$ cat run_34.cif   # mmCIF, C-alpha atoms
data_upload
loop_
_atom_site.label_atom_id
_atom_site.label_comp_id
_atom_site.auth_asym_id
_atom_site.auth_seq_id
_atom_site.Cartn_x
_atom_site.Cartn_y
_atom_site.Cartn_z
CA MET A 300 0.00 0.00 0.00
CA ARG A 301 1.43 3.40 -0.98
CA MET A 302 1.63 6.40 1.39
CA SER A 303 -1.27 8.13 -0.37
CA SER A 304 -3.38 5.00 0.15
CA TYR A 305 -2.49 4.98 3.86
CA GLY A 306 -3.52 8.62 4.00
CA LYS A 307 -6.88 7.88 2.38
CA VAL A 308 -7.61 5.28 5.07
CA LEU A 309 -5.95 6.81 8.15
CA VAL A 310 -7.12 10.43 7.86
CA PRO A 311 -10.89 9.62 7.81
CA ALA A 312 -10.35 7.05 10.59
CA PHE A 313 -8.52 9.66 12.68
CA LEU A 314 -11.31 12.21 12.09
CA ASP A 315 -14.01 9.71 13.10
CA LEU A 316 -12.07 8.70 16.21
CA ALA A 317 -11.30 12.29 17.23
CA VAL A 318 -14.96 13.32 16.95
CA ILE A 319 -15.80 10.59 19.49
CA VAL A 320 -12.79 10.94 21.81
CA LEU A 321 -12.72 14.74 22.12
CA PRO A 322 -16.19 15.17 23.71
CA VAL A 323 -15.36 12.37 26.16
CA ALA A 324 -12.12 14.13 27.11
CA ILE A 325 -13.93 17.46 27.45
CA GLY A 326 -16.54 15.83 29.68
CA ALA A 327 -13.80 14.29 31.84
CA ILE A 328 -12.13 17.70 32.29
CA VAL A 329 -15.43 19.33 33.30
CA GLY A 330 -16.12 16.50 35.75
CA LYS A 331 -12.66 16.69 37.36
CA TRP A 332 -12.14 20.47 37.42
CA PRO A 333 -15.62 22.06 37.32
CA GLU A 334 -14.53 25.22 39.19
CA ASP A 335 -11.59 25.91 36.87
CA VAL A 336 -13.75 25.52 33.79
CA ALA A 337 -16.60 27.61 35.22
CA LYS A 338 -14.36 30.56 36.08
CA ALA A 339 -12.22 30.35 32.98
CA HIS A 340 -14.38 32.62 30.79
CA LEU A 341 -14.14 35.46 33.36
CA ARG A 342 -10.37 35.10 33.65
CA LEU A 343 -9.97 34.96 29.85
CA ALA A 344 -11.45 38.48 29.71
CA THR A 345 -9.57 40.00 32.67
CA SER A 346 -6.28 38.08 33.07
CA PRO A 347 -5.73 35.40 30.44
CA GLY A 348 -2.36 34.49 31.96
CA ASP A 349 -4.07 33.11 35.07
CA VAL A 350 -6.22 30.57 33.24
CA SER A 351 -5.49 27.10 34.62
CA TRP A 352 -4.34 24.26 32.37
CA PRO A 353 -7.60 22.25 32.76
CA ALA A 354 -9.57 25.29 31.56
CA THR A 355 -7.13 25.85 28.68
CA ALA A 356 -7.45 22.17 27.71
CA PHE A 357 -11.28 22.46 27.92
CA TRP A 358 -11.51 25.45 25.59
CA CYS A 359 -8.91 24.11 23.18
CA GLY A 360 -10.78 20.79 23.15
CA CYS A 361 -14.06 22.58 22.40
CA GLY A 362 -12.44 24.47 19.51
CA ALA A 363 -10.82 21.32 18.08
CA ALA A 364 -14.08 19.36 18.41
CA PHE A 365 -15.94 22.07 16.50
CA VAL A 366 -13.35 22.18 13.69
CA LEU A 367 -13.21 18.37 13.39
CA ALA A 368 -17.00 18.07 13.34
CA ALA A 369 -17.16 20.69 10.58
CA LEU A 370 -14.45 18.84 8.60
CA ASN A 371 -16.39 15.60 9.01
CA VAL A 372 -19.59 17.16 7.69
CA ILE A 373 -17.74 18.58 4.66
CA ARG A 374 -16.04 15.22 3.99
CA ASN A 375 -19.30 13.28 4.22
CA ARG A 376 -21.09 15.67 1.88
CA ALA A 377 -18.21 15.52 -0.64
CA GLU A 378 -18.24 11.72 -0.56
CA ALA A 379 -22.01 11.58 -1.01
CA SER A 380 -21.80 13.97 -3.93
CA LYS A 381 -18.99 11.95 -5.55
CA ALA A 382 -20.90 8.69 -5.10
CA GLU A 383 -23.98 10.29 -6.67
CA ARG A 384 -21.98 11.53 -9.65
CA LEU A 385 -20.37 8.10 -10.14
CA ALA A 386 -23.76 6.38 -9.92
CA LYS A 387 -25.22 8.76 -12.51
CA ALA A 388 -22.24 8.23 -14.86
CA ARG A 389 -22.54 4.44 -14.43
CA ASP A 390 -26.27 4.44 -15.17
CA TYR A 391 -25.71 6.68 -18.17
CA ALA A 392 -22.92 4.48 -19.54
CA LEU A 393 -25.12 1.40 -19.21
CA GLY A 394 -27.93 3.15 -21.03
CA VAL A 395 -25.86 4.14 -24.07
CA GLN A 396 -23.71 1.01 -24.24
CA PRO A 397 -26.04 -1.01 -26.54
CA VAL A 398 -25.91 1.78 -29.13
CA VAL A 399 -22.13 2.05 -28.80
CA ASN A 400 -21.85 -1.71 -29.27
CA SER A 401 -23.86 -1.50 -32.51
CA LEU A 402 -21.51 1.18 -33.84
CA VAL A 403 -18.46 -0.85 -32.77
CA ASP A 404 -19.81 -3.79 -34.78
CA LEU A 405 -20.08 -1.60 -37.88
CA CYS A 406 -16.53 -0.30 -37.30
CA ARG A 407 -15.31 -3.89 -37.14
CA GLU A 408 -17.07 -4.59 -40.42
CA ALA A 409 -15.56 -1.47 -42.04
CA ILE A 410 -12.03 -2.51 -41.08
CA ALA A 411 -12.43 -6.17 -41.98
CA THR A 412 -13.93 -5.45 -45.39
CA TYR A 413 -12.24 -2.24 -46.47
CA GLY A 414 -9.27 -1.72 -44.12
CA LYS A 415 -6.66 -3.07 -46.53
CA GLN A 416 -7.96 -1.48 -49.73
CA HIS A 417 -8.99 1.88 -48.32
CA PRO A 418 -7.24 2.35 -44.97
CA ASP A 419 -7.63 6.14 -44.87
CA ALA A 420 -11.33 6.07 -45.73
CA ALA A 421 -11.89 3.21 -43.25
CA LEU A 422 -10.16 5.27 -40.58
CA ARG A 423 -12.42 8.21 -41.37
CA VAL A 424 -15.47 5.97 -40.90
CA LEU A 425 -14.10 5.03 -37.46
CA LEU A 426 -13.61 8.72 -36.68
CA ASP A 427 -17.15 9.38 -37.85
CA ALA A 428 -18.41 6.62 -35.54
CA ILE A 429 -16.58 7.97 -32.49
CA ALA A 430 -17.81 11.51 -33.19
CA GLN A 431 -21.34 10.10 -33.57
CA VAL A 432 -21.01 8.43 -30.17
CA ALA A 433 -20.00 11.79 -28.65
CA TRP A 434 -23.03 13.42 -30.29
CA PHE A 435 -25.29 10.64 -29.00
CA TYR A 436 -23.73 10.86 -25.52
CA ASP A 437 -24.51 14.57 -25.45
CA GLY A 438 -28.18 13.96 -26.25
CA LYS A 439 -27.98 14.84 -29.97
CA PRO A 440 -27.62 18.61 -29.74
CA ALA A 441 -27.62 20.92 -32.77
CA ALA A 442 -23.84 21.20 -32.98
CA ARG A 443 -21.04 20.26 -35.36
CA TYR A 444 -19.14 17.19 -34.13
CA ALA A 445 -15.87 16.17 -35.75
CA ALA A 446 -12.82 13.99 -35.12
CA ASN A 447 -9.26 13.79 -36.38
CA VAL A 448 -5.94 12.10 -35.79
CA MET A 449 -2.64 13.90 -35.26
CA PHE A 450 0.44 11.71 -35.52
CA TYR A 451 3.66 12.25 -33.66
CA VAL A 452 6.87 13.16 -35.46
CA PRO A 453 10.12 13.36 -33.46
CA ALA A 454 11.89 16.68 -34.10
CA GLU A 455 14.93 15.06 -35.71
CA ARG A 456 12.70 13.42 -38.33
CA ALA A 457 10.39 16.34 -39.01
CA THR A 458 10.52 17.82 -42.51
CA GLU A 459 10.75 21.52 -43.37
CA ASN A 460 7.07 21.47 -44.39
CA GLN A 461 6.15 20.21 -40.96
CA PHE A 462 8.20 22.98 -39.35
CA VAL A 463 6.30 25.45 -41.54
CA ARG A 464 3.03 24.07 -40.16
CA LEU A 465 4.35 24.19 -36.59
CA SER A 466 2.29 26.71 -34.60
CA PHE A 467 2.38 28.18 -31.10
CA TRP A 468 6.16 27.76 -30.82
CA ASP A 469 8.73 30.52 -30.65
CA GLY A 470 11.56 28.53 -29.10
CA GLU A 471 14.65 26.96 -30.64
CA ARG A 472 14.30 23.81 -32.72
CA THR A 473 16.80 22.16 -30.40
CA ALA A 474 14.33 22.61 -27.50
CA LEU A 475 11.68 20.69 -29.41
CA ARG A 476 11.11 17.00 -28.69
CA GLY A 477 8.71 16.62 -31.60
CA MET A 478 5.36 17.70 -32.94
CA LEU A 479 1.83 16.46 -33.48
CA ASP A 480 0.94 16.83 -37.15
CA LEU A 481 -2.71 17.14 -38.10
CA GLN A 482 -3.75 14.69 -40.80
CA HIS A 483 -6.45 16.07 -43.06
CA GLU A 484 -6.72 12.60 -44.58
CA TRP A 485 -7.59 11.32 -41.11
CA SER A 486 -10.32 13.76 -40.22
CA THR A 487 -14.05 13.89 -40.68
CA ALA A 488 -17.18 15.61 -39.42
CA VAL A 489 -20.52 14.10 -38.49
CA GLY A 490 -22.98 14.32 -41.36
CA THR A 491 -20.41 14.07 -44.16
CA THR A 492 -20.53 10.23 -44.44
CA GLY A 493 -16.80 9.84 -44.02
CA ALA A 494 -15.54 12.80 -46.06
CA ARG A 495 -12.51 14.80 -44.90
CA ASP A 496 -13.23 17.65 -42.51
CA ALA A 497 -13.31 20.66 -44.82
CA MET A 498 -13.05 23.12 -41.94
CA LEU A 499 -9.57 22.04 -40.86
CA THR A 500 -6.40 23.87 -41.77
CA PRO A 501 -2.89 22.37 -41.75
CA ILE A 502 -1.32 22.69 -38.34
CA ALA A 503 1.32 21.00 -36.19
CA LEU A 504 1.50 21.38 -32.42
CA PRO A 505 4.80 21.46 -30.49
CA ILE A 506 5.93 18.89 -27.92
CA PRO A 507 8.80 20.56 -26.04
CA LYS A 508 11.64 18.59 -24.43
CA ASP A 509 11.06 20.34 -21.11
CA GLU A 510 7.46 19.89 -20.00
CA ARG A 511 7.70 22.62 -17.36
CA ALA A 512 9.63 25.83 -16.76
CA GLY A 513 9.68 27.38 -13.30
CA GLY A 514 6.89 25.03 -12.24
CA LYS A 515 4.63 26.17 -15.10
CA HIS A 516 3.43 24.20 -18.12
CA ARG A 517 5.30 24.43 -21.41
CA VAL A 518 3.00 21.89 -23.07
CA LEU A 519 -0.24 23.21 -24.55
CA PRO A 520 -3.59 21.86 -23.32
CA GLY A 521 -5.52 19.38 -25.45
CA ALA A 522 -3.64 17.03 -27.79
CA PRO A 523 -0.09 17.88 -26.55
CA GLN A 524 -1.07 17.33 -22.89
CA ALA A 525 -2.81 14.05 -23.78
CA PHE A 526 0.34 12.98 -25.62
CA ILE A 527 2.81 13.60 -22.79
CA ARG A 528 0.48 12.01 -20.23
CA ARG A 529 -0.10 8.96 -22.50
CA ASP A 530 -3.72 9.46 -21.46
CA SER A 531 -6.43 12.02 -22.24
CA ASP A 532 -7.19 15.69 -21.83
CA PHE A 533 -10.52 17.54 -21.85
CA LYS A 534 -11.29 21.14 -22.60
CA GLN A 535 -14.84 22.24 -21.92
CA ASP A 536 -14.42 25.68 -23.48
CA SER A 537 -11.51 26.73 -25.67
CA ALA A 538 -12.34 30.37 -24.83
CA ASP A 539 -10.55 29.70 -21.52
CA LEU A 540 -7.37 28.39 -23.18
CA VAL A 541 -5.54 31.70 -23.47
CA HIS A 542 -6.35 32.54 -19.85
CA TRP A 543 -5.17 29.05 -18.80
CA CYS A 544 -1.92 29.53 -20.71
CA LYS A 545 -1.34 32.86 -18.99
CA LYS A 546 -2.16 31.58 -15.50
CA TYR A 547 -0.63 28.11 -15.52
CA GLY A 548 1.68 28.14 -18.55
CA ALA A 549 5.14 29.44 -19.32
CA PHE A 550 4.11 30.64 -22.78
CA SER A 551 5.25 33.93 -24.27
CA SER A 552 2.73 36.67 -25.08
CA ARG A 553 3.48 36.02 -28.76
CA VAL A 554 2.37 32.38 -28.42
CA ARG A 555 -0.72 33.40 -26.46
CA ASP A 556 -1.63 35.98 -29.11
CA GLU A 557 -1.14 33.39 -31.86
CA LEU A 558 -3.42 30.99 -29.96
CA ALA A 559 -6.10 33.67 -29.54
CA GLN A 560 -5.93 34.45 -33.27
CA TYR A 561 -6.24 30.76 -34.19
CA LEU A 562 -9.26 30.28 -31.92
CA ALA A 563 -10.97 33.15 -33.75
CA THR A 564 -10.53 31.45 -37.17
CA PRO A 565 -13.25 29.15 -38.61
CA ALA A 566 -10.99 26.15 -37.88
CA GLY A 567 -10.48 27.30 -34.29
CA LYS A 568 -14.20 27.85 -33.79
CA THR A 569 -14.93 24.22 -34.67
CA THR A 570 -12.91 23.16 -31.61
CA ARG A 571 -14.83 25.09 -28.97
CA SER A 572 -14.79 22.00 -26.74
CA LEU A 573 -12.45 19.08 -27.13
CA VAL A 574 -11.48 15.64 -25.90
CA SER A 575 -7.98 14.42 -26.81
CA ILE A 576 -6.95 10.79 -26.36
CA SER A 577 -3.42 9.48 -26.93
CA ILE A 578 -3.23 6.63 -29.42
CA ILE A 579 -1.12 3.79 -28.05
CA HIS A 580 -0.80 0.44 -29.77
CA PRO A 581 -1.38 -2.51 -27.39
CA SER A 582 2.13 -3.78 -28.17
CA GLN A 583 3.61 -0.40 -27.28
CA ALA A 584 4.03 -0.63 -23.50
CA HIS A 585 6.65 2.12 -23.39
CA GLY A 586 7.81 4.99 -25.52
CA ASP A 587 5.87 7.72 -27.24
CA PRO A 588 2.25 7.30 -28.33
CA MET A 589 1.75 7.04 -32.10
CA GLY A 590 -0.39 10.15 -32.03
CA VAL A 591 -3.50 11.71 -30.58
CA LEU A 592 -7.19 11.32 -31.41
CA ASN A 593 -9.21 14.54 -31.10
CA ILE A 594 -13.00 14.69 -30.88
CA HIS A 595 -14.42 18.19 -30.87
CA ARG A 596 -17.52 20.26 -31.39
CA ASN A 597 -18.25 23.90 -32.16
CA ILE A 598 -20.02 24.77 -28.89
CA PRO A 599 -18.70 24.53 -25.30
CA GLY A 600 -19.36 21.71 -22.86
CA MET A 601 -18.91 18.56 -24.96
CA LEU A 602 -19.51 15.39 -22.90
CA GLY A 603 -19.30 17.24 -19.58
CA GLU A 604 -19.19 14.81 -16.65
CA ASN A 605 -19.67 11.85 -19.02
CA ALA A 606 -16.24 12.35 -20.64
CA ALA A 607 -14.53 9.59 -18.65
CA SER A 608 -17.29 7.07 -19.34
CA PHE A 609 -17.26 8.08 -23.05
CA ILE A 610 -13.55 7.28 -23.23
CA LEU A 611 -14.10 3.87 -21.65
CA ALA A 612 -17.12 3.07 -23.84
CA THR A 613 -15.24 3.91 -27.05
CA ARG A 614 -12.08 1.93 -26.21
CA PRO A 615 -12.84 -0.66 -28.94
CA ILE A 616 -13.06 2.06 -31.61
CA GLN A 617 -9.84 3.60 -30.27
CA ALA A 618 -8.17 0.18 -30.54
CA PHE A 619 -9.27 -0.10 -34.21
CA ILE A 620 -7.86 3.36 -34.90
CA ALA A 621 -4.55 2.40 -33.23
CA GLU A 622 -4.40 -0.77 -35.33
CA LEU A 623 -5.00 1.08 -38.60
CA LEU A 624 -2.53 3.81 -37.70
CA ALA A 625 0.16 1.27 -36.77
CA LYS A 626 -0.29 -0.54 -40.08
CA LYS A 627 -0.22 2.70 -42.03
CA LEU A 628 2.97 3.88 -40.33
CA ALA A 629 4.60 0.44 -40.59
CA ARG A 630 4.13 0.49 -44.36
CA LYS A 631 6.08 3.75 -44.43
CA GLN A 632 9.05 2.35 -42.50
CA VAL A 633 12.28 2.14 -44.45
CA MET B 12 8.31 2.87 -34.32
CA SER B 13 10.11 4.53 -37.18
CA LEU B 14 8.35 7.46 -38.76
CA ARG B 15 10.89 7.90 -41.51
CA GLY B 16 9.23 9.05 -44.66
CA THR B 17 6.26 10.48 -42.80
CA GLU B 18 6.06 13.38 -45.22
CA GLU B 19 4.75 10.94 -47.81
CA ILE B 20 1.61 10.36 -45.80
CA VAL B 21 1.04 13.98 -44.93
CA VAL B 22 -1.81 15.17 -47.08
CA ALA B 23 -2.95 18.11 -44.99
CA GLY B 24 -5.00 20.48 -47.10
CA THR B 25 -6.12 17.84 -49.59
CA GLU B 26 -9.41 18.81 -51.14
CA GLY B 27 -12.20 16.61 -52.39
CA ASP B 28 -13.37 13.27 -51.19
CA ASP B 29 -12.45 9.80 -52.38
CA THR B 30 -14.39 7.78 -49.81
CA PRO B 31 -15.56 4.61 -51.59
CA THR B 32 -19.32 4.12 -51.93
CA GLU B 33 -19.21 0.97 -49.79
CA LEU B 34 -17.64 2.84 -46.89
CA ARG B 35 -20.08 5.70 -47.34
CA ASP B 36 -22.83 3.13 -46.90
CA VAL B 37 -21.25 1.96 -43.64
CA ALA B 38 -21.02 5.59 -42.49
CA LYS B 39 -24.70 6.06 -43.39
CA ARG B 40 -25.64 3.01 -41.33
CA ILE B 41 -23.63 4.36 -38.39
CA ALA B 42 -25.37 7.72 -38.70
CA LYS B 43 -28.77 6.03 -38.90
CA ILE B 44 -28.14 4.00 -35.72
CA ALA B 45 -26.95 7.07 -33.81
CA ALA B 46 -29.82 9.21 -35.08
CA ASN B 47 -32.59 6.69 -34.45
CA ALA B 48 -31.39 5.28 -31.14
CA LYS B 49 -33.58 6.34 -28.25
CA PRO B 50 -31.84 7.38 -25.06
CA VAL B 51 -32.42 4.74 -22.42
CA ARG B 52 -32.16 5.42 -18.75
CA LEU B 53 -31.10 2.49 -16.62
CA GLU B 54 -31.25 2.46 -12.88
CA ILE B 55 -29.37 -0.06 -10.79
CA VAL B 56 -30.98 -1.01 -7.52
CA GLU B 57 -28.89 -2.95 -5.01
CA ARG B 58 -30.71 -5.70 -3.16
CA GLU B 59 -30.20 -5.76 0.52
CA GLY B 60 -26.51 -6.32 0.93
CA ARG B 61 -26.37 -9.54 -1.07
CA GLY B 62 -24.33 -8.13 -3.89
CA HIS B 63 -27.08 -8.78 -6.42
CA PHE B 64 -28.31 -6.06 -8.69
CA SER B 65 -31.56 -5.63 -10.52
CA VAL B 66 -31.80 -3.28 -13.46
CA SER B 67 -34.90 -1.27 -14.17
CA GLN B 68 -35.17 0.23 -17.62
CA GLU B 69 -37.03 3.34 -18.63
CA VAL B 70 -37.23 4.75 -22.15
CA ASP B 71 -37.23 8.51 -22.35
CA GLU B 72 -39.77 10.07 -24.64
#

$ encode --input "run_34.cif" --output "structure tokens"
Amino acid sequence: MRMSSYGKVLVPAFLDLAVIVLPVAIGAIVGKWPEDVAKAHLRLATSPGDVSWPATAFWCGCGAAFVLAALNVIRNRAEASKAERLAKARDYALGVQPVVNSLVDLCREAIATYGKQHPDAALRVLLDAIAQVAWFYDGKPAARYAANVMFYVPAERATENQFVRLSFWDGERTALRGMLDLQHEWSTAVGTTGARDAMLTPIALPIPKDERAGGKHRVLPGAPQAFIRRDSDFKQDSADLVHWCKKYGAFSSRVRDELAQYLATPAGKTTRSLVSISIIHPSQAHGDPMGVLNIHRNIPGMLGENAASFILATRPIQAFIAELLAKKLARKQV
Amino acid sequence: MSLRGTEEIVVAGTEGDDTPTELRDVAKRIAKIAANAKPVRLEIVEREGRGHFSVSQEVDE
């Protein structure tokens, strides 16, 4: 058991025990030294230095009991709220799972039948399916849902064209670990039956060698953060990104201005809320992810509290995407 | 995994659409399922401490 696990068990146990023991101790003090305790409040006002130790212990005990009881109430309410949220997310995931399973079956069919002949188009159908699931999860709102894949290129292998596409970076090339390159071929929007996403513009996002500077982030939110974590990243409203970069990031004003300008473009407006998931092949236990899968929509609040359950429910589609991407990249190996 | 030659597969900015008809049909079927599926609300009720669960199902209108 790790220290944090001990903490999770011991701290609540200590709180529960203290809430019981403290009143007993206070009662014992009152029973043993009733005079001291009774006169203590008068002496506190006139001559605090003369307050006896039993009275001091009594008042300190009362204060501690009050604080601990308040902490206990807050903890219990937080736990109840968390349990309620988890129960809601679980019920929701169970409710949508049959639909997700139907889409997964169609994805399997698309790969098995057309994956070899038309890998890019098959991948776009998978992206369409995962964007459809997000739309369904959100209750089918009137919004534009889309998905794309950015693949990772180490800096030493990046071409000049990729450096031209590199955005939001004003550092030296030597400080760059690599970049995530947006693949127009691997993008689609819901309602286009697997066509490329016409709203996207060529762009590559930097992955710096140093993830932090002076305790602040040097890696942009969204796809780059998902990449370095080998996990996922959510952004409920891209309008907050520039503020986030200023508050928590070590980004220059030039980079922040460039980001603000991009978010105002038609391409930027299609990514008003975003979920980014790193693409890792099952055989790839270590090392860098192959790339990042982005699912986005043009209004804030995509998926909300269902984001984690969405990621779990769409794992099979993510695995298909990883498989196709691995095959595609393997064919390009020299 | 080597990414040598990655520039060959970079087609950012490509216009048009070459999605085969068969795959378009699959995409249409996916869209139809997502569009026609009715949201279902499931509620799990735990039976008294036995670790068994019953599931009640309610279809939203």

$ interface_residues --input "run_34.cif" --of "chain A" --to "chain B" --cutoff "6 Å" --atoms "all atoms listed in the file" --output "VMD selection string"
chain A and resid 390 394 402 420 424 482 to 483 492 494 501 632

$ write_last_selection --input "run_34.cif" --atoms "C-alpha atoms" --output "mmCIF file, keeping the file's coordinate frame"
data_model
loop_
_atom_site.group_PDB
_atom_site.id
_atom_site.type_symbol
_atom_site.label_atom_id
_atom_site.label_comp_id
_atom_site.auth_asym_id
_atom_site.auth_seq_id
_atom_site.Cartn_x
_atom_site.Cartn_y
_atom_site.Cartn_z
ATOM 1 C CA ASP A 390 -26.270 4.440 -15.170
ATOM 2 C CA GLY A 394 -27.930 3.150 -21.030
ATOM 3 C CA LEU A 402 -21.510 1.180 -33.840
ATOM 4 C CA ALA A 420 -11.330 6.070 -45.730
ATOM 5 C CA VAL A 424 -15.470 5.970 -40.900
ATOM 6 C CA GLN A 482 -3.750 14.690 -40.800
ATOM 7 C CA HIS A 483 -6.450 16.070 -43.060
ATOM 8 C CA THR A 492 -20.530 10.230 -44.440
ATOM 9 C CA ALA A 494 -15.540 12.800 -46.060
ATOM 10 C CA PRO A 501 -2.890 22.370 -41.750
ATOM 11 C CA GLN A 632 9.050 2.350 -42.500
#

$ resolve_selection --input "run_34.cif" --expression "the PyMOL selection byres ((chain A and resi 612-617) around 8)" --output "MDAnalysis selection string"
chainID A and resid 392 396 399 403 406 425 429 432 578 608:611 618:621

$ residues_near_point --input "run_34.cif" --point "(-23.2, 16.3, -31.7)" --cutoff "10 Å" --atoms "all atoms listed in the file" --output "PDB file with C-alpha atoms, keeping the file's coordinate frame"
ATOM      1  CA  ALA A 430     -17.810  11.510 -33.190  1.00  0.00           C
ATOM      2  CA  GLN A 431     -21.340  10.100 -33.570  1.00  0.00           C
ATOM      3  CA  VAL A 432     -21.010   8.430 -30.170  1.00  0.00           C
ATOM      4  CA  ALA A 433     -20.000  11.790 -28.650  1.00  0.00           C
ATOM      5  CA  TRP A 434     -23.030  13.420 -30.290  1.00  0.00           C
ATOM      6  CA  PHE A 435     -25.290  10.640 -29.000  1.00  0.00           C
ATOM      7  CA  TYR A 436     -23.730  10.860 -25.520  1.00  0.00           C
ATOM      8  CA  ASP A 437     -24.510  14.570 -25.450  1.00  0.00           C
ATOM      9  CA  GLY A 438     -28.180  13.960 -26.250  1.00  0.00           C
ATOM     10  CA  LYS A 439     -27.980  14.840 -29.970  1.00  0.00           C
ATOM     11  CA  PRO A 440     -27.620  18.610 -29.740  1.00  0.00           C
ATOM     12  CA  ALA A 441     -27.620  20.920 -32.770  1.00  0.00           C
ATOM     13  CA  ALA A 442     -23.840  21.200 -32.980  1.00  0.00           C
ATOM     14  CA  ARG A 443     -21.040  20.260 -35.360  1.00  0.00           C
ATOM     15  CA  TYR A 444     -19.140  17.190 -34.130  1.00  0.00           C
ATOM     16  CA  ALA A 445     -15.870  16.170 -35.750  1.00  0.00           C
ATOM     17  CA  ALA A 488     -17.180  15.610 -39.420  1.00  0.00           C
ATOM     18  CA  VAL A 489     -20.520  14.100 -38.490  1.00  0.00           C
ATOM     19  CA  GLY A 490     -22.980  14.320 -41.360  1.00  0.00           C
ATOM     20  CA  HIS A 595     -14.420  18.190 -30.870  1.00  0.00           C
ATOM     21  CA  ARG A 596     -17.520  20.260 -31.390  1.00  0.00           C
ATOM     22  CA  ASN A 597     -18.250  23.900 -32.160  1.00  0.00           C
ATOM     23  CA  ILE A 598     -20.020  24.770 -28.890  1.00  0.00           C
ATOM     24  CA  MET A 601     -18.910  18.560 -24.960  1.00  0.00           C
ATOM     25  CA  LEU A 602     -19.510  15.390 -22.900  1.00  0.00           C
TER      26      LEU A 602
END

$ residues_around --input "run_34.cif" --residues "A:Arg472" --least-positions-apart "5" --cutoff "10 Å" --atoms "all atoms listed in the file" --output "mmCIF file with C-alpha atoms, in the frame of the given file"
data_model
loop_
_atom_site.group_PDB
_atom_site.id
_atom_site.type_symbol
_atom_site.label_atom_id
_atom_site.label_comp_id
_atom_site.auth_asym_id
_atom_site.auth_seq_id
_atom_site.Cartn_x
_atom_site.Cartn_y
_atom_site.Cartn_z
ATOM 1 C CA ALA A 454 11.890 16.680 -34.100
ATOM 2 C CA GLU A 455 14.930 15.060 -35.710
ATOM 3 C CA PHE A 462 8.200 22.980 -39.350
ATOM 4 C CA GLY A 477 8.710 16.620 -31.600
ATOM 5 C CA PRO A 507 8.800 20.560 -26.040
#

$ atom_distance --input "run_34.cif" --atom1 "atom CA of A:Gly414" --atom2 "atom CA of A:Arg529"
25.8 Å

$ resolve_selection --input "run_34.cif" --expression "the PyMOL selection byres ((chain A and resi 450) around 7)" --output "CSV table (one decimal) with C-alpha atoms, in the frame of the given file"
chain,number,residue,atom,x,y,z
A,448,VAL,CA,-5.9,12.1,-35.8
A,449,MET,CA,-2.6,13.9,-35.3
A,451,TYR,CA,3.7,12.2,-33.7
A,452,VAL,CA,6.9,13.2,-35.5
A,479,LEU,CA,1.8,16.5,-33.5
A,480,ASP,CA,0.9,16.8,-37.2
A,481,LEU,CA,-2.7,17.1,-38.1
A,589,MET,CA,1.8,7.0,-32.1
A,590,GLY,CA,-0.4,10.2,-32.0
A,591,VAL,CA,-3.5,11.7,-30.6

$ resolve_selection --input "run_34.cif" --expression "the PyMOL selection byres ((chain A and resi 508) around 7)" --output "list in words"
Ala474, Leu475, Arg476, Ile506, Pro507, Asp509 and Glu510 of chain A

$ atom_distance --input "run_34.cif" --atom1 "atom CA of A:Leu624" --atom2 "atom CA of A:Asn460"
21.2 Å
